[in-house]
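Have a look at structure_31.tsv below; it lists TSV, C-alpha atoms.
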```tsv
chain	number	residue	atom	x	y	z
I	3	MET	CA	-13.05	-26.09	-6.37
I	4	SER	CA	-12.45	-27.32	-2.82
I	5	PRO	CA	-11.79	-24.38	-0.46
I	6	SER	CA	-13.36	-26.33	2.42
I	7	ASN	CA	-10.56	-28.89	2.21
I	8	TYR	CA	-8.05	-26.19	3.12
I	9	ILE	CA	-10.00	-25.66	6.34
I	10	LYS	CA	-10.15	-29.42	6.99
I	11	SER	CA	-6.40	-29.67	6.45
I	12	ARG	CA	-5.65	-26.92	8.94
I	13	ASP	CA	-8.01	-28.41	11.49
I	14	LEU	CA	-6.38	-31.82	11.12
I	15	SER	CA	-2.87	-30.40	11.42
I	16	GLN	CA	-3.79	-28.66	14.67
I	17	LYS	CA	-5.90	-31.32	16.37
I	18	GLN	CA	-3.65	-34.35	15.98
I	19	PRO	CA	-0.24	-34.12	17.75
I	20	GLN	CA	1.58	-36.29	15.21
I	21	HIS	CA	0.75	-33.70	12.54
I	22	ALA	CA	0.99	-30.47	14.54
I	23	SER	CA	4.76	-30.72	15.05
I	24	ASN	CA	5.53	-31.71	11.44
I	25	ILE	CA	6.17	-28.78	9.10
I	26	TYR	CA	6.10	-31.21	6.17
I	27	PHE	CA	2.61	-32.47	6.97
I	28	ALA	CA	0.79	-32.30	3.62
I	29	THR	CA	-2.66	-32.96	2.24
I	30	LEU	CA	-3.99	-32.94	-1.30
I	31	VAL	CA	-6.31	-30.06	-2.15
I	32	ASP	CA	-7.39	-29.17	-5.68
I	33	GLY	CA	-5.03	-31.90	-6.87
I	34	ARG	CA	-1.95	-30.16	-5.42
I	35	PRO	CA	-0.04	-30.49	-2.14
I	36	TYR	CA	-0.98	-28.21	0.75
I	37	LEU	CA	1.44	-27.84	3.67
I	38	PRO	CA	-0.53	-25.96	6.35
I	39	ASN	CA	2.29	-26.05	8.94
I	40	LEU	CA	5.02	-24.68	6.67
I	41	ARG	CA	5.29	-20.93	7.14
I	42	VAL	CA	7.70	-18.92	4.99
I	43	ASP	CA	9.70	-15.85	5.96
I	44	ALA	CA	10.06	-13.71	2.83
I	45	THR	CA	13.29	-12.19	4.17
I	46	ASN	CA	15.00	-15.57	4.69
I	47	ASP	CA	16.30	-17.34	1.56
I	48	GLN	CA	16.54	-20.68	3.37
I	49	SER	CA	12.89	-20.46	4.38
I	50	VAL	CA	11.91	-19.58	0.81
I	51	CYS	CA	13.98	-22.40	-0.70
I	52	ARG	CA	12.60	-24.92	1.79
I	53	ALA	CA	9.02	-24.24	0.72
I	54	ALA	CA	9.87	-24.16	-2.98
I	55	LEU	CA	11.94	-27.36	-3.03
I	56	ALA	CA	9.53	-29.33	-0.84
I	57	THR	CA	6.65	-28.31	-3.08
I	58	VAL	CA	8.54	-29.26	-6.24
I	59	VAL	CA	9.36	-32.73	-4.88
I	60	ILE	CA	5.85	-33.41	-3.58
I	61	SER	CA	4.24	-32.06	-6.73
I	62	ALA	CA	6.38	-34.38	-8.90
I	63	TYR	CA	5.48	-37.31	-6.66
I	64	VAL	CA	1.76	-36.53	-6.91
I	65	SER	CA	2.03	-36.20	-10.70
I	66	ILE	CA	3.43	-39.73	-10.94
I	67	ILE	CA	1.19	-41.56	-8.50
I	68	SER	CA	-2.02	-39.86	-9.56
I	69	SER	CA	-1.66	-41.08	-13.14
I	70	PRO	CA	-4.62	-43.24	-14.27
I	71	SER	CA	-2.59	-46.45	-14.08
I	72	SER	CA	-1.97	-46.03	-10.37
I	73	SER	CA	-4.95	-44.03	-9.14
I	74	ALA	CA	-6.53	-46.80	-7.06
I	75	ALA	CA	-3.28	-47.65	-5.32
I	76	PHE	CA	-2.65	-43.95	-4.80
I	77	VAL	CA	-5.75	-43.62	-2.64
I	78	ALA	CA	-5.02	-46.84	-0.76
I	79	ASN	CA	-1.48	-45.85	0.15
I	80	VAL	CA	-1.51	-42.13	0.85
I	81	THR	CA	-4.84	-41.51	2.55
I	82	GLU	CA	-5.78	-41.75	6.15
I	83	SER	CA	-8.93	-40.97	8.06
I	84	THR	CA	-9.74	-37.57	9.50
I	85	ASN	CA	-11.39	-39.45	12.36
I	86	ASN	CA	-9.50	-40.10	15.58
I	87	ASP	CA	-9.01	-43.78	14.85
I	88	ASP	CA	-6.97	-43.00	11.71
I	89	THR	CA	-8.46	-45.89	9.76
I	90	ALA	CA	-7.34	-46.17	6.15
I	91	ALA	CA	-9.44	-44.72	3.39
I	92	ASP	CA	-11.47	-46.94	1.10
I	93	SER	CA	-9.49	-47.27	-2.13
I	94	THR	CA	-12.66	-47.17	-4.24
I	95	ALA	CA	-13.97	-43.91	-2.81
I	96	LYS	CA	-12.34	-40.91	-4.43
I	97	ASN	CA	-13.46	-37.66	-6.00
I	98	ASP	CA	-12.06	-36.18	-9.21
I	99	ASN	CA	-9.14	-34.53	-7.42
I	100	GLY	CA	-8.32	-37.50	-5.20
I	101	GLU	CA	-9.01	-35.37	-2.13
I	102	THR	CA	-11.75	-37.02	-0.09
I	103	ASN	CA	-13.63	-40.27	-0.15
I	104	ASP	CA	-17.32	-40.83	0.44
I	105	ASP	CA	-16.82	-40.77	4.21
I	106	GLY	CA	-15.35	-37.28	4.06
I	107	GLN	CA	-11.82	-38.47	4.66
I	108	LEU	CA	-9.02	-36.17	3.56
I	109	THR	CA	-6.03	-37.33	1.54
I	110	ILE	CA	-2.85	-37.07	3.62
I	111	LEU	CA	0.44	-37.57	1.78
I	112	ASN	CA	2.96	-39.91	3.41
I	113	LEU	CA	6.25	-38.00	3.14
I	114	GLN	CA	8.26	-39.55	5.96
I	115	LYS	CA	10.74	-41.36	3.72
I	116	VAL	CA	12.51	-38.14	2.72
I	117	ASP	CA	15.17	-36.50	4.88
I	118	TRP	CA	13.88	-33.04	4.09
I	119	GLU	CA	16.42	-31.03	6.03
I	120	ALA	CA	19.34	-32.87	4.41
I	121	LEU	CA	17.84	-32.41	0.95
I	122	ILE	CA	17.30	-28.70	1.52
I	123	SER	CA	20.70	-28.02	3.10
I	124	GLN	CA	22.44	-29.78	0.19
I	125	SER	CA	20.46	-27.79	-2.36
I	126	LEU	CA	20.61	-24.28	-0.93
I	127	THR	CA	23.80	-23.25	-2.70
I	128	ARG	CA	22.30	-24.29	-6.05
I	129	LEU	CA	19.08	-22.31	-5.76
I	130	THR	CA	18.88	-18.57	-6.32
I	131	CYS	CA	16.25	-16.30	-4.76
I	132	THR	CA	15.41	-12.99	-6.41
I	133	LYS	CA	12.87	-10.51	-5.03
I	134	VAL	CA	10.23	-9.53	-7.56
I	135	THR	CA	8.61	-6.10	-7.46
I	136	GLY	CA	5.02	-5.37	-8.34
I	137	GLY	CA	3.10	-7.29	-5.71
I	138	ILE	CA	0.31	-5.20	-4.21
I	139	THR	CA	-0.54	-7.29	-1.15
I	140	ASN	CA	1.94	-10.14	-1.63
I	141	ALA	CA	5.70	-10.56	-1.36
I	142	LEU	CA	7.04	-12.22	-4.52
I	143	VAL	CA	10.25	-14.22	-4.89
I	144	ARG	CA	11.61	-15.94	-7.97
I	145	VAL	CA	13.42	-19.18	-7.09
I	146	SER	CA	15.73	-20.56	-9.82
I	147	GLY	CA	18.00	-23.56	-10.31
I	148	PHE	CA	15.65	-26.55	-10.25
I	149	ARG	CA	16.98	-28.14	-13.42
I	150	ASP	CA	20.37	-28.55	-11.76
I	151	LEU	CA	18.68	-30.40	-8.89
I	152	ILE	CA	16.95	-33.09	-10.95
I	153	PRO	CA	19.18	-35.93	-9.57
I	154	SER	CA	18.43	-34.89	-5.98
I	155	ILE	CA	14.74	-34.45	-6.71
I	156	LYS	CA	14.68	-37.88	-8.39
I	157	SER	CA	16.17	-39.50	-5.27
I	158	ALA	CA	13.57	-37.84	-3.05
I	159	VAL	CA	10.69	-38.85	-5.32
I	160	ASP	CA	11.98	-42.43	-5.46
I	161	ALA	CA	12.05	-42.51	-1.66
I	162	LEU	CA	8.40	-41.47	-1.61
I	163	LEU	CA	7.51	-44.01	-4.27
I	164	SER	CA	9.06	-46.78	-2.17
I	165	GLU	CA	6.17	-46.26	0.28
I	166	HIS	CA	3.66	-46.29	-2.54
I	167	ASN	CA	4.51	-49.56	-4.28
I	168	CYS	CA	2.78	-52.12	-2.05
I	169	ASN	CA	-0.40	-52.02	-4.18
I	170	ASP	CA	1.09	-50.64	-7.37
I	171	THR	CA	4.24	-51.85	-9.07
I	172	THR	CA	3.78	-49.53	-12.05
I	173	HIS	CA	5.69	-46.65	-10.45
I	174	THR	CA	8.30	-47.87	-7.99
I	175	SER	CA	11.12	-45.66	-9.23
I	176	THR	CA	11.82	-42.96	-11.79
I	177	THR	CA	14.49	-42.04	-14.28
I	178	SER	CA	16.05	-38.62	-14.68
I	179	THR	CA	14.09	-38.37	-17.93
I	180	ASP	CA	10.83	-38.93	-16.04
I	181	ILE	CA	11.61	-36.17	-13.58
I	182	ALA	CA	12.92	-33.82	-16.28
I	183	SER	CA	9.63	-34.19	-18.18
I	184	ILE	CA	7.71	-33.13	-15.06
I	185	ILE	CA	10.14	-30.39	-13.98
I	186	ASP	CA	10.25	-28.67	-17.35
I	187	TYR	CA	11.11	-25.36	-15.71
I	188	ASN	CA	14.13	-23.83	-14.02
I	189	SER	CA	12.35	-21.08	-12.07
I	190	LEU	CA	9.20	-20.76	-9.99
I	191	LEU	CA	7.37	-17.87	-8.36
I	192	LEU	CA	6.85	-18.07	-4.61
I	193	ARG	CA	3.96	-15.86	-3.53
I	194	ILE	CA	3.78	-14.97	0.18
I	195	PHE	CA	0.37	-13.66	1.11
I	196	GLY	CA	-0.14	-10.22	2.62
I	197	ALA	CA	-3.27	-8.37	3.71
I	198	GLU	CA	-3.98	-11.15	6.18
I	199	GLY	CA	-7.67	-11.46	6.99
I	200	MET	CA	-8.77	-9.19	4.15
I	201	ILE	CA	-8.70	-11.75	1.33
I	202	ASP	CA	-10.05	-15.31	1.48
I	203	ARG	CA	-6.94	-17.17	0.30
I	204	ASP	CA	-8.75	-20.52	0.30
I	205	VAL	CA	-11.25	-19.33	-2.30
I	206	GLU	CA	-8.59	-17.39	-4.21
I	207	THR	CA	-6.21	-20.35	-4.42
I	208	SER	CA	-8.93	-22.82	-5.30
I	209	THR	CA	-10.10	-20.49	-8.07
I	210	TYR	CA	-6.54	-20.14	-9.33
I	211	ALA	CA	-6.18	-23.94	-9.38
I	212	ALA	CA	-9.38	-24.24	-11.40
I	213	LEU	CA	-8.09	-21.70	-13.92
I	214	CYS	CA	-4.82	-23.63	-14.21
I	215	ASN	CA	-6.75	-26.85	-14.81
I	216	VAL	CA	-8.32	-25.36	-17.94
I	217	SER	CA	-5.08	-23.64	-19.06
I	218	ILE	CA	-6.32	-20.12	-18.41
I	219	ALA	CA	-3.73	-19.52	-15.69
I	220	TYR	CA	-0.18	-20.77	-16.20
I	221	ARG	CA	0.86	-23.16	-13.41
I	222	TYR	CA	0.10	-23.89	-9.76
I	223	LEU	CA	2.27	-26.43	-7.93
I	224	GLY	CA	1.10	-26.22	-4.33
I	225	ARG	CA	0.40	-24.15	-1.26
I	226	PHE	CA	2.08	-23.63	2.10
I	227	GLN	CA	0.73	-21.93	5.25
I	228	ASN	CA	1.08	-18.33	4.10
I	229	GLY	CA	1.46	-18.55	0.35
I	230	ARG	CA	1.66	-20.69	-2.76
I	231	ILE	CA	4.04	-21.75	-5.55
I	232	GLU	CA	3.28	-20.74	-9.14
I	233	GLY	CA	4.95	-21.09	-12.50
I	234	TRP	CA	7.40	-18.47	-13.69
```
Any chance you could give the structure as structure tokens?
Amino acid sequence: MSPSNYIKSRDLSQKQPQHASNIYFATLVDGRPYLPNLRVDATNDQSVCRAALATVVISAYVSIISSPSSSAAFVANVTESTNNDDTAADSTAKNDNGETNDDGQLTILNLQKVDWEALISQSLTRLTCTKVTGGITNALVRVSGFRDLIPSIKSAVDALLSEHNCNDTTHTSTTSTDIASIIDYNSLLLRIFGAEGMIDRDVETSTYAALCNVSIAYRYLGRFQNGRIEGW
């Protein structure tokens, strides 16, 4: 578990101007994307869909580039230093989750190749948001329609892979079959945290990720500022 890396991610997003203004700034924590600047409004379907779709795309990208055949290149291409000089991370220094190297550097995902707003605006009419009852402290929303978006998701993942291929030619593009094997679901659960300050969401989410890793919990795709994305 790596709850401290959530804190490092938030600190980095706030201290460096190039990250603070980017809602799609993302790091890798517990092997999943974390977008500390992306805050979701549970009452706004566009806000909900933005977080869900961005997480789906980034999660698929991470699944591909963190495969054993491309793990070294993954670290070389998507990490940068948490120090002010932003020096690149050492490609040989990586923990089991690909989160930090031996110098304490945090993995930052390079997502600039995707026109996120265009992708989201084109996809909104094909995603359906349904409020789910039963949350005690959280607002729950089911987001459906991802299977219909596989071509669009493929294009976005390929754009991200185009930045990744300088040290690794194994994964420079995908097929619809590749993406369909990763996105083997049509719906996801978006959980928006409540009871702010009463529950340590870093520890909770890191524990949930650990349970997913050993197939005790179902699925965890990633986290945004005030919630996370889970399987449905």
Point-to-point distance in Å for atom CA of I:Arg52 and atom CA of I:Ile122: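 Between these atoms lies a distance of 6.0 Å.
Near I:Ser123, within 12 Å and counting only C-alpha atoms, sit Asp47, Gln48, Ser49, Cys51, Arg52, Leu55, Ala56, Asp117, Trp118, Glu119, Ala120, Leu121, Ser125, Leu126, Thr127, Arg128, Leu129 and Ser154 of chain I, not including residues fewer than 2 positions from it in the same chain.
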Can you write just those residues out, C-alpha atoms, as a short mmCIF file (atom, residue, chain, number, x, y, z; two decimals), in the frame of the given file?
```cif
data_model
loop_
_atom_site.label_atom_id
_atom_site.label_comp_id
_atom_site.auth_asym_id
_atom_site.auth_seq_id
_atom_site.Cartn_x
_atom_site.Cartn_y
_atom_site.Cartn_z
CA ASP I 47 16.30 -17.34 1.56
CA GLN I 48 16.54 -20.68 3.37
CA SER I 49 12.89 -20.46 4.38
CA CYS I 51 13.98 -22.40 -0.70
CA ARG I 52 12.60 -24.92 1.79
CA LEU I 55 11.94 -27.36 -3.03
CA ALA I 56 9.53 -29.33 -0.84
CA ASP I 117 15.17 -36.50 4.88
CA TRP I 118 13.88 -33.04 4.09
CA GLU I 119 16.42 -31.03 6.03
CA ALA I 120 19.34 -32.87 4.41
CA LEU I 121 17.84 -32.41 0.95
CA SER I 125 20.46 -27.79 -2.36
CA LEU I 126 20.61 -24.28 -0.93
CA THR I 127 23.80 -23.25 -2.70
CA ARG I 128 22.30 -24.29 -6.05
CA LEU I 129 19.08 -22.31 -5.76
CA SER I 154 18.43 -34.89 -5.98
#
```
Long-range neighbours of stretch 13-25 of chain I as JSON, numbers by chain, 10 Å cut-off, all atoms listed in the file, 3 positions minimum in chain: {"I": [7, 8, 9, 10, 28, 29, 37, 38, 39, 40, 41, 53, 83, 84, 85, 86, 108, 110, 114, 226, 227]}
Near I:Tyr187, counting all atoms listed in the file, which residues have an atom at most 12 Å away, once you skip same-chain residues fewer than 2 positions from it, shown as a PDB file with C-alpha atoms, in the frame of the given file?
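Saved to result_5.pdb:
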```pdb
ATOM      1  CA  VAL I  58       8.540 -29.260  -6.240  1.00  0.00           C
ATOM      2  CA  VAL I 145      13.420 -19.180  -7.090  1.00  0.00           C
ATOM      3  CA  SER I 146      15.730 -20.560  -9.820  1.00  0.00           C
ATOM      4  CA  GLY I 147      18.000 -23.560 -10.310  1.00  0.00           C
ATOM      5  CA  PHE I 148      15.650 -26.550 -10.250  1.00  0.00           C
ATOM      6  CA  ARG I 149      16.980 -28.140 -13.420  1.00  0.00           C
ATOM      7  CA  ASP I 150      20.370 -28.550 -11.760  1.00  0.00           C
ATOM      8  CA  LEU I 151      18.680 -30.400  -8.890  1.00  0.00           C
ATOM      9  CA  ILE I 152      16.950 -33.090 -10.950  1.00  0.00           C
ATOM     10  CA  ILE I 181      11.610 -36.170 -13.580  1.00  0.00           C
ATOM     11  CA  ALA I 182      12.920 -33.820 -16.280  1.00  0.00           C
ATOM     12  CA  SER I 183       9.630 -34.190 -18.180  1.00  0.00           C
ATOM     13  CA  ILE I 184       7.710 -33.130 -15.060  1.00  0.00           C
ATOM     14  CA  ILE I 185      10.140 -30.390 -13.980  1.00  0.00           C
ATOM     15  CA  SER I 189      12.350 -21.080 -12.070  1.00  0.00           C
ATOM     16  CA  LEU I 190       9.200 -20.760  -9.990  1.00  0.00           C
ATOM     17  CA  LEU I 191       7.370 -17.870  -8.360  1.00  0.00           C
ATOM     18  CA  ARG I 221       0.860 -23.160 -13.410  1.00  0.00           C
ATOM     19  CA  LEU I 223       2.270 -26.430  -7.930  1.00  0.00           C
ATOM     20  CA  GLU I 232       3.280 -20.740  -9.140  1.00  0.00           C
ATOM     21  CA  GLY I 233       4.950 -21.090 -12.500  1.00  0.00           C
ATOM     22  CA  TRP I 234       7.400 -18.470 -13.690  1.00  0.00           C
TER      23      TRP I 234
END
```
Contacts of I:Val205 at 10 Å (all atoms listed in the file; same-chain gap of 6+ positions) as a list of chain:residue names: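 Contacts, with the query itself left out: I:Met3, I:Ser4, I:Pro5, I:Ser6, I:Tyr8, I:Ala211.
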Residue nearest I:Val143 - candidates I:Arg203, I:Arg230, I:Lys115, I:Arg12, atoms counted: only C-alpha atoms: I:Arg230
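Minimum distance to I:Ala197 across I:Ala212, I:Val59, I:Ile138, I:Leu163 (counting only C-alpha atoms) occurs at I:Ile138.
With only C-alpha atoms as the atoms that count, the residue of I:Asp32, I:Asp180, I:Glu198, I:Glu206 with the shortest distance to I:Asn140 is I:Glu198.
Considering all atoms listed in the file, the residue among I:Val216, I:Val159, I:Val42, I:Ala62 positioned nearest to I:Gly196 is I:Val42.
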Gap from atom CA of I:Thr207 to atom CA of I:Ile194 - Å, one decimal: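 Atom CA of I:Ile194 lies 12.2 Å from atom CA of I:Thr207.
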Nearby residues (only C-alpha atoms) at most 9 Å from I:Val64, same-chain spacing under 3 positions excluded, as a VMD selection string: chain I and resid 30 33 to 35 59 to 61 67 to 69 76 111
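The interatomic distance for the pair atom CA of I:Tyr26 and atom CA of I:Gly136 works out to 29.7 Å.
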